[in-house]
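Chemist: This is the structure I want to talk about, given as structure tokens.
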Amino acid sequence: MLKAEGRGFGRRRKARARRVPGGWAGMAACVATVLALMPWSSRAAPDNPPEVTAVRVLGNIVIDGRLDESDWSRGQPAAGFIQTEPDEGKPASQQTEVIVLYDDDAIYFGARLHAEAPPTIRLSRRDYYVPADWFGVHLDPHHDHMTGASFYVSAAGVQRDSLRYNDVRGDSDWNAVWESAVTVNDQGWIVEMRIPFSQLRFRARDKKKDLVWGIDFTRSVNRLHEESGWVYIPLQESGFVSWFGHLVGLEGVEAPHVLELIPYGLIRGGVVSWDRDGNPLDPVNVPYVDDFSFGLDFRYGIGSATTMTGTINPDFGQVEVDPAVVNLSQYEVFYDEKRPFFLEGSDLFRFGESGASNNWNFDNWSPDVFYSRRIGRAPHLYGEDGAAFVSPVGQTPILGAIKLTGKGPGGLSFAMLNALTAPVWIDEVFEDGSESALLAEPLSNYAVGRVTQDLGGERGKVGGMVTSVYRDLPAEGDLRQLPRTATTGGVDGYLVLGDRKVVVDAYVDGSYVEGDAGAIEALQGSSARYYQRPDAEHVELDPEATALSGWMGRIAVNTEGGKFGVNAKVAAISPGYEVNDIGYLRRADVLYTHLVARYEQTDPGTTFRNWSAWMGKSQQWNFGGDLIDNGLSWNIAGRLLSYWGGWTGAGFQSPSWDDRLTRGGPLTRTPAWMYAYGGLYSDSRKPLHGFLGFNVAHSAQGGSSVGGFLSAKWQVNSALRLGLEPRLWYSEDTAQYVEELDTPPETDPPVSTDAGYVFSDLESWNMSLTTRVDWVLSPRLSLQVYVQPLVFAADYGTLKLLAAPGTYDFIPYSTQSDAYDFNFTSLRASAVLRWEFRPGSAFYAVWTSDRSHTENTERFRGPMDLAYLENALADDVFMVKMSYWWGT
């Protein structure tokens with residue numbers, strides 16, 4: 001059976017229900033308002049940025065955190081750090097001195113961080129931030145004031161690194177191979193760093209010009225909650241990379257030709273669940289141990305600023321499992337990407353990424369043109385009707401993937417990705433004992449191409465992006481319900497005005513999907529568009545169509561810096577726009593606009609250290625002119641002088657229309673509803689800290705929800721860290737969709753719809769407890785444990801039918817709703833032992849477990865319901881993996 005959406009295609013069309021007309025005038029007014037409020041004053045960036053000179057190494061530097069080589073005494077230190085927290089603009093209370101050295105292969109940094117008291121030393125796994133003392137180096141090797149890299153070292157010797165792009169944005173998923181060491185003495189602590197030039201992106205040296213990089217240094221003193229930097233960037237100003245100082249003195253440095261190879265070997269084993277009588281719960285999923293498998297990651301430098309990275313037969317078993325989710329909506333759940341190959345450099349493939357420091361979304365519909373989790377996704381087919389047991393399939397294997405990235409001297413950047421996934425066959429066992437093999441996923445190719453052009457310094461960027469998917473579909477079968485090809489193409493960019501006081505960004509993208517008529521009909525009838533709606537005059541389902549096309553676009557304006565700010569956005573997604581083969585789109589057929597005004601106070605007062613407030617107005621229409629959202633919301637947040645803080649907010653949605661409630665049926669009315677939320681957080685410097693919050697909502701028709709959540713983190717000692725995130729949610733829904741009947745049953749009074757749209761009152765409980773344990777024995781050896789139990793109970797009330805199109809009125813239909821009640825319990829867990837036995841090389845020992853159970857009862861007993869898991873089918877996997885980095 002195919003995992004596809006859409007029901008009741010081709011029903012007769014009826015007259016449209018009453019509309020609240022939308023209009024473009026309000027959208028244009030948002031942009032006009034922002035343009036009128038633009039602050040055009042100049043920022044306070046220094047006319048002569050600070051400068052530090054790198055000194056060529058004469059001897060040999062040993063990275064031991066001591067700075068006892070004679071070369072360290074030859075450099076002129078960068079000093080004079082300025083606070084941004086807590087006393088903005090004042091000299092740092094603790095002196096910091098940084099010296100820069102270099103040789104033909106690497107750049108070195110030596111920092112003496114003086115302190116009146118011992119630094120806060122807390123171990124964590126690599127790239128994981130914990131409240132502690134940190135030192136950071138930030139580089140802009142292209143000196144384009146837009147891009148760069150950041151390297152951090154904590155007083156415990158833990159490394160973090162990230163890429164910088166669009167001046168204000170960062171990508172912490174990037175991992176470079178570099179060295180560092182730390183020592184602590186009675187005067188403070190010392191950091192020594194060696195960053196190979198092979199890990200940095202920069203152009204070949206211009207023979208006519210001295211090599212100049214952008215540079216900055218930052219320091220965090222946890223005890224004092226103090227943040228300081230070599231370059232002072234006022235909190236009221238925007239930008240980051242564009243404020244950097246200058247690094248000079250790099251003579252004779254050439255961009256190296258890079259070759260890195262990371263082969264890995266892996267052994268995977270699985271264990272099946274047994275019942276109380278000693279019988280396997282699944283006769284197909286027997287205990288197994290896979291044969292040894294291997295793969296290869298590589299990175300090769302082509303020229304001075306172009307890099308090719310690739311992976312062959314990758315395995316990502318060491319990543320944390322996805323959380324369990326119960327989804328009763330018609331929309332697909334979005335899961336974050338966690339696989340290293342697709343995370344690293346993901347900033348290069350972000351279409352429509354703004355250069356603004358503030359971005360607002362009230363619509364939840366903004367699509368991702370490229371959603372990398374489509375590559376290697378779960379197979380589309382999961383078994384034929386009548387199959388008693390189906391072999392587990394997991395994810396589609398990736399045969400290989402390759403990325404090519406680079407940046408030219410004129411600010412032109414490019415990035416390309418291509419991935420090939422293998423066909424997937426699953427084994428089936430039927431009740432009569434017969435077996436068969438089913439093609440569940442075809443051989444597929446995914447491609448993405450991206451190009452951007454800087455518009456001079458930090459003035460903006462313009463670019464384009466294309467994506468393509470091709471599936472090698474069989475001549476017949478259910479897989480013919482998938483599109484054969486899917487293509488998108490668009491342009492995007494942003495412009496920085498008024499010396500970075502205003503950022504305007506815009507994009508437009510088009511899509512074209514081709515396949516058999518059944519595949520295109522499924523797309524037309526999916527939850528993203530519902531072309532089969534009987535009262536929709538602007539769309540019509542065409543069962544003979546073999547292609548679907550559409551477009552989307554957006555323009556947004558954001559004022560930057562200062563205490564006051566405004567953000568406005570106008571966006572549209574046409575009904576035929578479709579990117580779900582390689583992107584993520586919840587719905588099309590929407591016009592959207594919002595206007596937000598904000599105020600931010602960063603000057604400490606008698607009570608608050610800082611606080612902010614905003615208010616926003618949003619509206620949405622579909623392309624038929626139906627007003628489907630009309631909201632007003634506000635928020636206030638503040639931090640006390642004690643570093644405790646909180647937030648609160650509320651919103652109101654006025655009555656509007658809902659073109660998705662009946663899931664392909666007629667338009668309905670949406671009653672007014674309101675919501676409120678709030679929370680508190682504690683001082684993150686303390687060993688035990690966290691936050692708690694609540695959300696409440698109430699509908700004019702009686703629906704309501706209330707929930708609470710807590711996140712607590714306890715640094716037991718410098719090596720052990722515990723995290724608990726309990727959540728409890730109760731909801732009363734007055735119109736939970738149940739099913740659609742081809743013919744309305746007889747009721748008194750009768751319904752006036754062309755089909756029977758069955759709904760129910762629904763009471764539900766949702767409880768989870770996410771637990772994380774990090775035991776860090778050293779900066780290179782750690783054990784990470786993740787456990788998430790979840791209980792979800794649903795109690796369906798009297799079944800009822802939609803009385804008439806364009807209403808929110810229902811007629812009772814049946815009291816036999818017990819069959820829909822359920823109690824779902826789940827337990828997902830993973831444990832990952834990671835040992836980086838040399839820079840870039842790691843050993844992993846991994847255990848993952850996934851078990852769940854569904855009971856036909858509405859009873860909710862909280863944690864006691866986890867007893868249902870005693871005889872639940874479990875998927876336990878053990879894996880040992882080792883990778884070895886070899887580089888030139």
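The chains in the structure tokens are called A, B, ... from first to last as shown; in each chain the residues are counted from 1, and the ligands are counted from 1 in the order shown.
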Identify, on the basis of only C-alpha atoms, every residue whose closest approach to Val55 in chain A does not exceed 8 Å; exclude the query and any residue fewer than 6 positions from it along the same chain; express the result as an NGL selection string.

Modeler: :A and (74-75 or 100-102 or 249-250)

Chemist: If you count only C-alpha atoms, which residues fall within 8 Å of Leu439 in chain A, apart from same-chain ones fewer than 6 positions away, as a PyMOL selection string?

Modeler: chain A and resi 381+423-426

Chemist: Using CA of Ser73 in chain A and CA of Arg194 in chain A as the two end points, give the distance in Å to one decimal.

Modeler: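 Pair CA of Ser73 in chain A / CA of Arg194 in chain A returns 16.9 Å.
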
Chemist: Which neighbours of Leu783 in chain A fall inside 6 Å, counting only C-alpha atoms, when residues of the same chain fewer than 5 positions from it are skipped, and could you give them as a JSON list (two decimals) with N, CA, C and O atoms, in the first residue's frame?

Modeler:
```json
[["chain", "number", "residue", "atom", "x", "y", "z"],
["A", 774, "ASP", "N", 24.85, 13.24, 29.75],
["A", 774, "ASP", "CA", 26.14, 13.41, 29.11],
["A", 774, "ASP", "C", 27.23, 13.16, 30.15],
["A", 774, "ASP", "O", 27.35, 13.90, 31.13],
["A", 775, "TRP", "N", 28.00, 12.13, 29.91],
["A", 775, "TRP", "CA", 29.12, 11.82, 30.79],
["A", 775, "TRP", "C", 30.38, 12.01, 29.95],
["A", 775, "TRP", "O", 30.67, 11.21, 29.07],
["A", 832, "VAL", "N", 25.33, 6.57, 22.90],
["A", 832, "VAL", "CA", 26.43, 6.72, 21.96],
["A", 832, "VAL", "C", 27.72, 6.99, 22.75],
["A", 832, "VAL", "O", 27.82, 7.99, 23.46],
["A", 833, "LEU", "N", 28.67, 6.07, 22.62],
["A", 833, "LEU", "CA", 30.01, 6.27, 23.17],
["A", 833, "LEU", "C", 30.89, 6.77, 22.03],
["A", 833, "LEU", "O", 31.03, 6.09, 21.00]]
```

Chemist: Excluding Leu58 in chain A and any residue of its chain fewer than 3 positions from it, enumerate the residues within 9 Å of it, using only C-alpha atoms, and give them as a ChimeraX atom specification.

Modeler: /A:70-71,103

Chemist: Please provide as JSON, numbers by chain all residues within 7 Å of range 544-546 of chain A, with the sequence filter that same-chain residues fewer than 3 positions apart are discarded (counting only C-alpha atoms).

Modeler: {"A": [514, 515, 516, 517, 520]}

Chemist: Give me every alpha helix (DSSP H) residue in range 509-583 of chain A, going by DSSP on the backbone, as a list in words.

Modeler: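 Matching residues, listed in order: Ala517, Gly518, Ala519, Ile520, Glu521, Ala522, Leu523 and Gln524 of chain A.
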
Chemist: How would the residues just chosen look if you wrote them out with N, CA, C and O atoms as a PDB file, in the first residue's frame?

Modeler:
```
ATOM      1  N   ALA A 517      -0.871   9.926 -14.613  1.00  0.00           N
ATOM      2  CA  ALA A 517      -2.065  10.673 -14.198  1.00  0.00           C
ATOM      3  C   ALA A 517      -2.417  10.384 -12.744  1.00  0.00           C
ATOM      4  O   ALA A 517      -2.834  11.280 -12.003  1.00  0.00           O
ATOM      5  N   GLY A 518      -2.230   9.133 -12.296  1.00  0.00           N
ATOM      6  CA  GLY A 518      -2.537   8.816 -10.912  1.00  0.00           C
ATOM      7  C   GLY A 518      -1.650   9.543  -9.924  1.00  0.00           C
ATOM      8  O   GLY A 518      -2.094   9.944  -8.849  1.00  0.00           O
ATOM      9  N   ALA A 519      -0.377   9.719 -10.273  1.00  0.00           N
ATOM     10  CA  ALA A 519       0.543  10.435  -9.396  1.00  0.00           C
ATOM     11  C   ALA A 519       0.168  11.906  -9.286  1.00  0.00           C
ATOM     12  O   ALA A 519       0.173  12.487  -8.192  1.00  0.00           O
ATOM     13  N   ILE A 520      -0.182  12.523 -10.402  1.00  0.00           N
ATOM     14  CA  ILE A 520      -0.538  13.945 -10.382  1.00  0.00           C
ATOM     15  C   ILE A 520      -1.888  14.141  -9.713  1.00  0.00           C
ATOM     16  O   ILE A 520      -2.105  15.132  -8.996  1.00  0.00           O
ATOM     17  N   GLU A 521      -2.807  13.191  -9.897  1.00  0.00           N
ATOM     18  CA  GLU A 521      -4.099  13.297  -9.218  1.00  0.00           C
ATOM     19  C   GLU A 521      -3.921  13.239  -7.704  1.00  0.00           C
ATOM     20  O   GLU A 521      -4.589  13.952  -6.954  1.00  0.00           O
ATOM     21  N   ALA A 522      -3.015  12.373  -7.246  1.00  0.00           N
ATOM     22  CA  ALA A 522      -2.743  12.293  -5.808  1.00  0.00           C
ATOM     23  C   ALA A 522      -2.196  13.610  -5.281  1.00  0.00           C
ATOM     24  O   ALA A 522      -2.537  14.037  -4.175  1.00  0.00           O
ATOM     25  N   LEU A 523      -1.325  14.269  -6.040  1.00  0.00           N
ATOM     26  CA  LEU A 523      -0.794  15.563  -5.613  1.00  0.00           C
ATOM     27  C   LEU A 523      -1.890  16.623  -5.573  1.00  0.00           C
ATOM     28  O   LEU A 523      -1.941  17.441  -4.650  1.00  0.00           O
ATOM     29  N   GLN A 524      -2.772  16.622  -6.570  1.00  0.00           N
ATOM     30  CA  GLN A 524      -3.859  17.599  -6.581  1.00  0.00           C
ATOM     31  C   GLN A 524      -4.792  17.417  -5.388  1.00  0.00           C
ATOM     32  O   GLN A 524      -5.317  18.394  -4.841  1.00  0.00           O
TER      33      GLN A 524
END
```
